Amino acid sequence: MGIFSKLFKDNTDMLASPAAGRTIDISEVADPTFAEGILGQGIAIIPSDDTVYSPCDGTIDLMFDTGHAVNLISDKGTEILIHIGLETVSLKGKHFRTFMNTGDKVKKGDKLIEFDRQAIADEGFNTVIPIVICNSDAYDDIRPEIGRDVMPGDLIITLKEPKTK
């Protein structure tokens, strides 16, 4: 790699919406683990559909056996947690169906998980989908697109790494 390619290396990662719905600030999520940024910065989606797609090209770092969450690592190194609903781990996989496995390579838009939003809500669970950047400290700037109606594939987060590491 020449000096110019190092100087002008693309230090931006852009994440697409993994679900249809309305974006909200992660601080509005009714769970302090997400709202207080304990796991990292991010965004949340109030879903209007029952499918979660990959927000980027990358690798499934962990597909939870319960299907309620997935960790991905983008090809640019962004560590992403997508968590469907709050406290939904207690459903033990009920109302969730996964389409990928830990270690699978994914492309932006690949179907990851289907879930029954209405059945989850009927059991008393909040169906909000927090999307957390678990390695937030690796970025100088994380810009979520808050307060928008989005479809899968729409830009929801832009991340900028430091120019020098």
# chains A, B, ... in the order shown; residues from 1 in each chain; ligands from 1
$ residues_around --residues "stretch 112-115 of chain A" --least-positions-apart "6" --cutoff "12 Å" --atoms "only C-alpha atoms" --output "ChimeraX atom specification"
/A:18-19,47-56,59-60,62-72,82-85,88,91,93-102,104-106,121,127,129,152
$ atom_distance --atom1 "atom CA of A:Val29" --atom2 "atom CA of A:Lys92"
21.7 Å
$ residues_around --residues "A:Ile24" --least-positions-apart "6" --cutoff "10 Å" --atoms "only C-alpha atoms" --output "CSV table (one decimal) with N, CA, C and O atoms, in the first residue's frame"
chain,number,residue,atom,x,y,z
A,42,GLY,N,-25.7,4.2,19.4
A,42,GLY,CA,-26.4,3.6,18.3
A,42,GLY,C,-27.7,4.4,18.0
A,42,GLY,O,-27.8,5.6,18.2
A,43,ILE,N,-28.7,3.6,17.7
A,43,ILE,CA,-30.0,4.1,17.3
A,43,ILE,C,-31.0,3.0,17.6
A,43,ILE,O,-30.6,1.8,17.9
A,44,ALA,N,-32.3,3.3,17.5
A,44,ALA,CA,-33.3,2.2,17.7
A,44,ALA,C,-34.4,2.4,16.7
A,44,ALA,O,-34.6,3.5,16.1
A,45,ILE,N,-35.1,1.3,16.4
A,45,ILE,CA,-36.2,1.4,15.4
A,45,ILE,C,-37.4,0.8,16.0
A,45,ILE,O,-37.4,-0.3,16.7
A,46,ILE,N,-38.5,1.6,15.9
A,46,ILE,CA,-39.8,1.0,16.3
A,46,ILE,C,-40.3,0.3,15.0
A,46,ILE,O,-40.6,1.0,14.0
A,128,VAL,N,-39.3,-2.7,20.3
A,128,VAL,CA,-38.3,-1.8,19.8
A,128,VAL,C,-37.0,-2.6,19.4
A,128,VAL,O,-36.7,-3.6,20.1
A,129,ILE,N,-36.3,-2.1,18.4
A,129,ILE,CA,-35.0,-2.8,18.0
A,129,ILE,C,-33.9,-1.9,18.2
A,129,ILE,O,-33.6,-1.0,17.3
A,130,PRO,N,-33.1,-2.0,19.3
A,130,PRO,CA,-31.9,-1.2,19.4
A,130,PRO,C,-30.8,-1.8,18.5
A,130,PRO,O,-30.7,-3.0,18.3
A,144,PRO,N,-26.3,9.1,14.0
A,144,PRO,CA,-27.6,8.3,13.7
A,144,PRO,C,-28.6,9.2,13.0
A,144,PRO,O,-28.6,10.5,13.2
A,145,GLU,N,-29.4,8.7,12.1
A,145,GLU,CA,-30.5,9.4,11.4
A,145,GLU,C,-31.7,9.2,12.2
A,145,GLU,O,-32.5,8.2,12.0
A,146,ILE,N,-32.0,10.1,13.2
A,146,ILE,CA,-33.1,10.0,14.1
A,146,ILE,C,-34.4,10.6,13.6
A,146,ILE,O,-34.3,11.7,13.0
A,147,GLY,N,-35.5,10.0,14.0
A,147,GLY,CA,-36.8,10.6,13.7
A,147,GLY,C,-37.3,10.5,12.2
A,147,GLY,O,-38.0,11.3,11.7
A,148,ARG,N,-36.9,9.4,11.6
A,148,ARG,CA,-37.2,9.1,10.2
A,148,ARG,C,-38.0,7.8,10.0
A,148,ARG,O,-37.7,6.9,10.8
A,149,ASP,N,-38.9,7.8,9.1
A,149,ASP,CA,-39.5,6.5,8.7
A,149,ASP,C,-38.5,5.9,7.7
A,149,ASP,O,-38.0,6.6,6.8
$ closest_residue --among "A:Gly77, A:Ser136, A:Ile142, A:Ile26" --to "A:Thr158" --atoms "only C-alpha atoms"
A:Ile142
$ select_by_dssp --residues "stretch 17-91 of chain A" --states "alpha helix (DSSP H)" --output "VMD selection string"
chain A and resid 32 to 35
$ residues_around --residues "stretch 159-161 of chain A" --least-positions-apart "3" --cutoff "10 Å" --atoms "only C-alpha atoms" --output "PDB file with N, CA and C atoms, in the first residue's frame"
ATOM      1  N   ASP A  10     -10.390   5.182   3.052  1.00  0.00           N
ATOM      2  CA  ASP A  10     -11.776   5.466   3.415  1.00  0.00           C
ATOM      3  C   ASP A  10     -11.965   5.116   4.881  1.00  0.00           C
ATOM      4  N   ASN A  11     -12.224   6.129   5.698  1.00  0.00           N
ATOM      5  CA  ASN A  11     -12.373   5.894   7.129  1.00  0.00           C
ATOM      6  C   ASN A  11     -13.826   6.067   7.566  1.00  0.00           C
ATOM      7  N   THR A  12     -14.740   5.832   6.653  1.00  0.00           N
ATOM      8  CA  THR A  12     -16.167   5.974   6.931  1.00  0.00           C
ATOM      9  C   THR A  12     -16.847   4.620   6.764  1.00  0.00           C
ATOM     10  N   ASP A  13     -17.777   4.322   7.668  1.00  0.00           N
ATOM     11  CA  ASP A  13     -18.627   3.145   7.513  1.00  0.00           C
ATOM     12  C   ASP A  13     -20.062   3.648   7.567  1.00  0.00           C
ATOM     13  N   MET A  14     -20.903   3.125   6.710  1.00  0.00           N
ATOM     14  CA  MET A  14     -22.303   3.526   6.683  1.00  0.00           C
ATOM     15  C   MET A  14     -23.158   2.284   6.857  1.00  0.00           C
ATOM     16  N   LEU A  15     -24.104   2.360   7.802  1.00  0.00           N
ATOM     17  CA  LEU A  15     -24.954   1.219   8.091  1.00  0.00           C
ATOM     18  C   LEU A  15     -26.372   1.486   7.618  1.00  0.00           C
ATOM     19  N   THR A  78     -16.738  -2.532  11.965  1.00  0.00           N
ATOM     20  CA  THR A  78     -17.746  -2.054  12.907  1.00  0.00           C
ATOM     21  C   THR A  78     -18.425  -3.245  13.573  1.00  0.00           C
ATOM     22  N   ILE A 133     -23.525   0.139  18.324  1.00  0.00           N
ATOM     23  CA  ILE A 133     -22.150   0.031  17.838  1.00  0.00           C
ATOM     24  C   ILE A 133     -21.302  -0.319  19.063  1.00  0.00           C
ATOM     25  N   SER A 136     -17.915   1.562  19.781  1.00  0.00           N
ATOM     26  CA  SER A 136     -18.117   3.007  19.575  1.00  0.00           C
ATOM     27  C   SER A 136     -16.857   3.818  19.816  1.00  0.00           C
ATOM     28  N   ASP A 137     -16.031   3.387  20.768  1.00  0.00           N
ATOM     29  CA  ASP A 137     -14.823   4.140  21.094  1.00  0.00           C
ATOM     30  C   ASP A 137     -13.803   4.155  19.956  1.00  0.00           C
ATOM     31  N   ALA A 138     -14.003   3.338  18.930  1.00  0.00           N
ATOM     32  CA  ALA A 138     -13.100   3.313  17.774  1.00  0.00           C
ATOM     33  C   ALA A 138     -13.413   4.428  16.777  1.00  0.00           C
ATOM     34  N   TYR A 139     -14.479   5.192  17.028  1.00  0.00           N
ATOM     35  CA  TYR A 139     -14.930   6.206  16.079  1.00  0.00           C
ATOM     36  C   TYR A 139     -14.897   7.605  16.680  1.00  0.00           C
ATOM     37  N   ASP A 140     -14.481   8.563  15.856  1.00  0.00           N
ATOM     38  CA  ASP A 140     -14.515   9.977  16.254  1.00  0.00           C
ATOM     39  C   ASP A 140     -15.934  10.520  16.194  1.00  0.00           C
ATOM     40  N   ASP A 141     -16.729  10.002  15.282  1.00  0.00           N
ATOM     41  CA  ASP A 141     -18.050  10.565  15.034  1.00  0.00           C
ATOM     42  C   ASP A 141     -19.022   9.448  14.655  1.00  0.00           C
ATOM     43  N   ILE A 142     -20.140   9.386  15.363  1.00  0.00           N
ATOM     44  CA  ILE A 142     -21.210   8.437  15.051  1.00  0.00           C
ATOM     45  C   ILE A 142     -22.472   9.263  14.872  1.00  0.00           C
ATOM     46  N   ARG A 143     -23.022   9.242  13.656  1.00  0.00           N
ATOM     47  CA  ARG A 143     -24.194  10.069  13.347  1.00  0.00           C
ATOM     48  C   ARG A 143     -25.403   9.215  12.998  1.00  0.00           C
ATOM     49  N   PRO A 144     -26.323   9.052  13.955  1.00  0.00           N
ATOM     50  CA  PRO A 144     -27.559   8.323  13.665  1.00  0.00           C
ATOM     51  C   PRO A 144     -28.572   9.249  12.985  1.00  0.00           C
ATOM     52  N   THR A 164      -5.911   9.199  11.928  1.00  0.00           N
ATOM     53  CA  THR A 164      -4.667   8.496  12.265  1.00  0.00           C
ATOM     54  C   THR A 164      -4.944   7.555  13.418  1.00  0.00           C
ATOM     55  N   LYS A 165      -4.364   6.390  13.360  1.00  0.00           N
ATOM     56  CA  LYS A 165      -4.571   5.398  14.415  1.00  0.00           C
ATOM     57  C   LYS A 165      -3.282   5.124  15.126  1.00  0.00           C
TER      58      LYS A 165
END
$ decode --residues "stretch 82-99 of chain A" --atoms "N, CA, C and O atoms" --output "PDB file, in the first residue's frame"
ATOM      1  N   ILE A  82     -27.709  -6.099  16.992  1.00  0.00           N
ATOM      2  CA  ILE A  82     -29.115  -5.829  16.678  1.00  0.00           C
ATOM      3  C   ILE A  82     -29.924  -6.684  17.643  1.00  0.00           C
ATOM      4  O   ILE A  82     -29.813  -7.908  17.634  1.00  0.00           O
ATOM      5  N   HIS A  83     -30.722  -6.025  18.477  1.00  0.00           N
ATOM      6  CA  HIS A  83     -31.470  -6.701  19.536  1.00  0.00           C
ATOM      7  C   HIS A  83     -32.950  -6.485  19.290  1.00  0.00           C
ATOM      8  O   HIS A  83     -33.424  -5.347  19.304  1.00  0.00           O
ATOM      9  N   ILE A  84     -33.704  -7.538  19.063  1.00  0.00           N
ATOM     10  CA  ILE A  84     -35.130  -7.420  18.746  1.00  0.00           C
ATOM     11  C   ILE A  84     -35.942  -7.461  20.030  1.00  0.00           C
ATOM     12  O   ILE A  84     -36.041  -8.491  20.689  1.00  0.00           O
ATOM     13  N   GLY A  85     -36.494  -6.314  20.387  1.00  0.00           N
ATOM     14  CA  GLY A  85     -37.320  -6.214  21.581  1.00  0.00           C
ATOM     15  C   GLY A  85     -36.502  -6.109  22.853  1.00  0.00           C
ATOM     16  O   GLY A  85     -35.276  -6.219  22.842  1.00  0.00           O
ATOM     17  N   LEU A  86     -37.201  -5.863  23.944  1.00  0.00           N
ATOM     18  CA  LEU A  86     -36.568  -5.756  25.266  1.00  0.00           C
ATOM     19  C   LEU A  86     -36.961  -6.958  26.114  1.00  0.00           C
ATOM     20  O   LEU A  86     -38.131  -7.347  26.131  1.00  0.00           O
ATOM     21  N   GLU A  87     -35.971  -7.554  26.763  1.00  0.00           N
ATOM     22  CA  GLU A  87     -36.157  -8.734  27.619  1.00  0.00           C
ATOM     23  C   GLU A  87     -36.683  -9.950  26.847  1.00  0.00           C
ATOM     24  O   GLU A  87     -37.191 -10.899  27.437  1.00  0.00           O
ATOM     25  N   THR A  88     -36.578  -9.917  25.520  1.00  0.00           N
ATOM     26  CA  THR A  88     -37.126 -11.000  24.687  1.00  0.00           C
ATOM     27  C   THR A  88     -36.304 -12.283  24.749  1.00  0.00           C
ATOM     28  O   THR A  88     -36.758 -13.322  24.275  1.00  0.00           O
ATOM     29  N   VAL A  89     -35.120 -12.240  25.368  1.00  0.00           N
ATOM     30  CA  VAL A  89     -34.352 -13.461  25.572  1.00  0.00           C
ATOM     31  C   VAL A  89     -35.189 -14.462  26.373  1.00  0.00           C
ATOM     32  O   VAL A  89     -35.079 -15.676  26.184  1.00  0.00           O
ATOM     33  N   SER A  90     -36.058 -13.945  27.243  1.00  0.00           N
ATOM     34  CA  SER A  90     -36.878 -14.822  28.086  1.00  0.00           C
ATOM     35  C   SER A  90     -37.920 -15.610  27.283  1.00  0.00           C
ATOM     36  O   SER A  90     -38.480 -16.577  27.793  1.00  0.00           O
ATOM     37  N   LEU A  91     -38.143 -15.247  26.030  1.00  0.00           N
ATOM     38  CA  LEU A  91     -39.058 -16.011  25.174  1.00  0.00           C
ATOM     39  C   LEU A  91     -38.414 -17.310  24.685  1.00  0.00           C
ATOM     40  O   LEU A  91     -39.086 -18.173  24.129  1.00  0.00           O
ATOM     41  N   LYS A  92     -37.116 -17.447  24.880  1.00  0.00           N
ATOM     42  CA  LYS A  92     -36.357 -18.667  24.545  1.00  0.00           C
ATOM     43  C   LYS A  92     -36.562 -19.121  23.102  1.00  0.00           C
ATOM     44  O   LYS A  92     -36.710 -20.313  22.821  1.00  0.00           O
ATOM     45  N   GLY A  93     -36.619 -18.158  22.190  1.00  0.00           N
ATOM     46  CA  GLY A  93     -36.732 -18.474  20.768  1.00  0.00           C
ATOM     47  C   GLY A  93     -38.146 -18.475  20.226  1.00  0.00           C
ATOM     48  O   GLY A  93     -38.339 -18.504  19.005  1.00  0.00           O
ATOM     49  N   LYS A  94     -39.129 -18.460  21.101  1.00  0.00           N
ATOM     50  CA  LYS A  94     -40.524 -18.429  20.668  1.00  0.00           C
ATOM     51  C   LYS A  94     -40.776 -17.129  19.906  1.00  0.00           C
ATOM     52  O   LYS A  94     -40.392 -16.054  20.379  1.00  0.00           O
ATOM     53  N   HIS A  95     -41.373 -17.209  18.744  1.00  0.00           N
ATOM     54  CA  HIS A  95     -41.717 -16.082  17.869  1.00  0.00           C
ATOM     55  C   HIS A  95     -40.537 -15.575  17.037  1.00  0.00           C
ATOM     56  O   HIS A  95     -40.638 -14.522  16.410  1.00  0.00           O
ATOM     57  N   PHE A  96     -39.405 -16.302  17.019  1.00  0.00           N
ATOM     58  CA  PHE A  96     -38.235 -15.900  16.239  1.00  0.00           C
ATOM     59  C   PHE A  96     -37.800 -17.034  15.316  1.00  0.00           C
ATOM     60  O   PHE A  96     -37.850 -18.203  15.696  1.00  0.00           O
ATOM     61  N   ARG A  97     -37.338 -16.678  14.114  1.00  0.00           N
ATOM     62  CA  ARG A  97     -36.795 -17.657  13.173  1.00  0.00           C
ATOM     63  C   ARG A  97     -35.545 -17.057  12.535  1.00  0.00           C
ATOM     64  O   ARG A  97     -35.610 -15.974  11.955  1.00  0.00           O
ATOM     65  N   THR A  98     -34.424 -17.746  12.670  1.00  0.00           N
ATOM     66  CA  THR A  98     -33.159 -17.249  12.113  1.00  0.00           C
ATOM     67  C   THR A  98     -32.885 -17.863  10.740  1.00  0.00           C
ATOM     68  O   THR A  98     -33.324 -18.979  10.448  1.00  0.00           O
ATOM     69  N   PHE A  99     -32.145 -17.102   9.916  1.00  0.00           N
ATOM     70  CA  PHE A  99     -31.819 -17.537   8.559  1.00  0.00           C
ATOM     71  C   PHE A  99     -30.320 -17.640   8.317  1.00  0.00           C
ATOM     72  O   PHE A  99     -29.889 -18.062   7.253  1.00  0.00           O
TER      73      PHE A  99
END
